[in-house]
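Right, one structure below, let's go through it.
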Amino acid sequence: MLFLFSKLLSAITQPLFWLAAWWCLALWMLGRWQQAAKRMLWGGLLILACLGFEALPNALLRALENRYPVPSADAFERHVGVIVLGGALQHPESFLAHGQVPLGEAAERMTEPVGWLRRYPQLVLVFSGGEGRLLSTGISESQLAQAFYEAQGIDMRRITLESGSRTTRENAQQVAALLGERCQQPWLLVTSAWHMPRSMAEFQAVNCQVTAYPVDFRTGADTPWTEYSLAHSLVRWQTALHEWLGMWVYRLTR
């Protein structure tokens with residue numbers, strides 16, 4: 001049920017979804033309340049124009065990204081391994097067609113730990129990611145992750161793959177079940193900085209001893225109001241709204 005709700009969140013947290021509904025209502029009203037309908041249509045255009053200012057969604061993302069600082073370099077000596085959450089790998093059709101693992105905007109989830117494994121031979125890695133699509137492709141994120149780590153020359157004996165999870169909550173539950181008592185050892189949890197607050201709450205709920213190591217930062221210290229891009233801003237609006245609503249839903253259902 002939570003998986004289906006997460007897919008619904010992906011739709012309703014898109015600003016264009018609500019603007020389309022608003023404009024459809026305005027068009028329906030044109031025949032009866034012409035003046036009010038025209039105001040709604042122009043108002044929708046004004047809102048669309050304002051959505052292009054990146055400072056607004058960046059403020060929502062920054063509040064999430066600043067929750068957990070990046071640990072110092074000596075943290076790797078104090079942890080047994082890293083837990084990497086899926087979400088950086090794109091649709092597998094391109095992998096099937098071309099044989100190259102497609103990384104998305106959250107690529108740092110995959111690339112950063114590769115360097116750590118090379119520098120710190122005592123570390124092991126647990127990757128958690130199943131197939132989070134409504135229509136199955138037959139290939140999980142873990143399968144793509146295996147292909148990626150093999151291409152990077154990583155010793156696969158140091159990699160454990162968890163392929164059954166579809167949501168952040170399932171990531172935590174499946175990893176806890178997979179590690180058992182080893183989950184009480186100190187682990188670094190790797191995911192996007194804006195996704196870290198929800199992820200930490202879920203892993204703490206299953207009593208895993210994790211330290212946040214945020215990557216894939218989308219914001220800096222501030223965003224000038226001169227930064228304007230409707231395409232980029234709409235994506236950031238969806239990311240921010242999805243994460244804030246997701247935290248609220250997870251808190252209510254925990």
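Labels used: A, B, ... for chains in the order of the structure tokens, numbers from 1 for residues in each chain, and numbers from 1 for ligands as shown.
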Interface rows for range 137-187 of chain A against range 209-212 of chain A: nearest pair, Å to one decimal, 10 Å, only C-alpha atoms, as JSON lines:
```
{"residue": "A:Arg182", "atom": "CA", "partner": "A:Gln209", "partner_atom": "CA", "distance": 9.3}
{"residue": "A:Cys183", "atom": "CA", "partner": "A:Gln209", "partner_atom": "CA", "distance": 6.3}
{"residue": "A:Gln184", "atom": "CA", "partner": "A:Gln209", "partner_atom": "CA", "distance": 5.2}
{"residue": "A:Gln185", "atom": "CA", "partner": "A:Gln209", "partner_atom": "CA", "distance": 6.1}
{"residue": "A:Pro186", "atom": "CA", "partner": "A:Gln209", "partner_atom": "CA", "distance": 5.3}
{"residue": "A:Trp187", "atom": "CA", "partner": "A:Val210", "partner_atom": "CA", "distance": 4.8}
```
Using only N, CA and C atoms, please write the residues we just selected to a file, as a PDB file, in the first residue's frame.
```
ATOM      1  N   ARG A 182      24.571  -7.727  12.551  1.00  0.00           N
ATOM      2  CA  ARG A 182      25.594  -6.836  11.998  1.00  0.00           C
ATOM      3  C   ARG A 182      25.080  -5.411  11.826  1.00  0.00           C
ATOM      4  N   CYS A 183      23.756  -5.247  11.843  1.00  0.00           N
ATOM      5  CA  CYS A 183      23.182  -3.908  11.709  1.00  0.00           C
ATOM      6  C   CYS A 183      23.473  -3.063  12.948  1.00  0.00           C
ATOM      7  N   GLN A 184      23.883  -3.713  14.045  1.00  0.00           N
ATOM      8  CA  GLN A 184      24.229  -2.990  15.264  1.00  0.00           C
ATOM      9  C   GLN A 184      25.656  -2.444  15.213  1.00  0.00           C
ATOM     10  N   GLN A 185      26.425  -2.864  14.212  1.00  0.00           N
ATOM     11  CA  GLN A 185      27.738  -2.295  14.010  1.00  0.00           C
ATOM     12  C   GLN A 185      27.608  -0.921  13.336  1.00  0.00           C
ATOM     13  N   PRO A 186      28.640  -0.082  13.411  1.00  0.00           N
ATOM     14  CA  PRO A 186      28.533   1.254  12.816  1.00  0.00           C
ATOM     15  C   PRO A 186      28.644   1.218  11.283  1.00  0.00           C
ATOM     16  N   TRP A 187      27.636   1.772  10.609  1.00  0.00           N
ATOM     17  CA  TRP A 187      27.593   1.839   9.155  1.00  0.00           C
ATOM     18  C   TRP A 187      27.413   3.285   8.715  1.00  0.00           C
TER      19      TRP A 187
END
```
Self-check item: strand (DSSP E) call set, DSSP backbone run, range 114-189 of chain A, as a list in words
Solution: Val124, Leu125, Val126, Phe127, Ser128, Ile159, Thr160, Leu161, Glu162, Trp187, Leu188 and Leu189 of chain A
C-alpha atoms of the current selection, written as a CSV table (one decimal), in the first residue's frame:
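Final file, again01.csv:
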```csv
chain,number,residue,atom,x,y,z
A,124,VAL,CA,32.3,-3.5,2.7
A,125,LEU,CA,29.2,-2.2,0.8
A,126,VAL,CA,25.5,-3.0,1.0
A,127,PHE,CA,23.5,-1.8,-1.9
A,128,SER,CA,19.7,-1.6,-1.4
A,159,ILE,CA,29.5,-6.1,-2.2
A,160,THR,CA,26.1,-7.3,-0.8
A,161,LEU,CA,23.1,-6.6,-3.0
A,162,GLU,CA,19.5,-6.3,-1.6
A,187,TRP,CA,27.6,1.8,9.2
A,188,LEU,CA,27.7,4.9,6.9
A,189,LEU,CA,24.3,5.5,5.2
```
Self-check item: Distance query Val190 in chain A at most 9 Å, only C-alpha atoms, self and fewer than 4 positions along chain excluded, as an NGL selection string
Solution: :A and (82-85 or 109 or 113 or 196 or 211-215)
Hey, can you spit out that residue selection with N, CA and C atoms as a compact mmCIF listing (two decimals), in the first residue's frame?
```txt
# COMPACT_ATOMS: atom_id res chain seq x y z
N VAL A 82 29.49 0.69 4.23
CA VAL A 82 28.54 1.70 3.78
C VAL A 82 27.28 1.02 3.26
N ILE A 83 26.16 1.64 3.53
CA ILE A 83 24.87 1.21 3.00
C ILE A 83 24.45 2.24 1.97
N VAL A 84 24.32 1.83 0.73
CA VAL A 84 23.97 2.74 -0.37
C VAL A 84 22.54 2.49 -0.79
N LEU A 85 21.74 3.53 -0.81
CA LEU A 85 20.34 3.41 -1.24
C LEU A 85 20.22 3.66 -2.73
N ARG A 109 25.54 8.91 -5.47
CA ARG A 109 25.23 7.77 -4.60
C ARG A 109 26.06 6.55 -5.02
N PRO A 113 31.08 6.12 -3.20
CA PRO A 113 31.56 4.96 -2.45
C PRO A 113 32.63 4.14 -3.17
N MET A 196 18.10 12.35 2.96
CA MET A 196 18.70 11.79 4.16
C MET A 196 17.81 11.86 5.39
N THR A 211 25.36 6.23 10.45
CA THR A 211 25.80 7.62 10.43
C THR A 211 25.53 8.18 9.05
N ALA A 212 24.89 9.32 8.98
CA ALA A 212 24.54 9.91 7.69
C ALA A 212 25.78 10.37 6.94
N TYR A 213 25.87 9.97 5.67
CA TYR A 213 26.88 10.53 4.78
C TYR A 213 26.14 11.04 3.53
N PRO A 214 25.69 12.28 3.57
CA PRO A 214 24.90 12.82 2.46
C PRO A 214 25.75 13.12 1.23
N VAL A 215 25.20 12.83 0.07
CA VAL A 215 25.83 13.16 -1.22
C VAL A 215 24.76 13.77 -2.12
```
Self-check item: Nearest-residue call for Gly129 in chain A, choices A:Gly115, A:Asn171, A:Arg158, A:Gly104, using only C-alpha atoms
Solution: A:Asn171
Quiz item: If you count only C-alpha atoms, which residues fall within 8 Å of Val114 in chain A, apart from same-chain ones fewer than 2 positions away, as a list in words?
Solution: Met110, Thr111, Glu112, Trp116, Leu117, Arg118, Tyr149, Gln152 and Ile154 of chain A
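Computed from the coordinates, the CA of Ser142 in chain A to CA of Ser72 in chain A distance equals 28.3 Å.
Straight-line separation from CA of Ser192 in chain A to CA of His98 in chain A: 26.9 Å.
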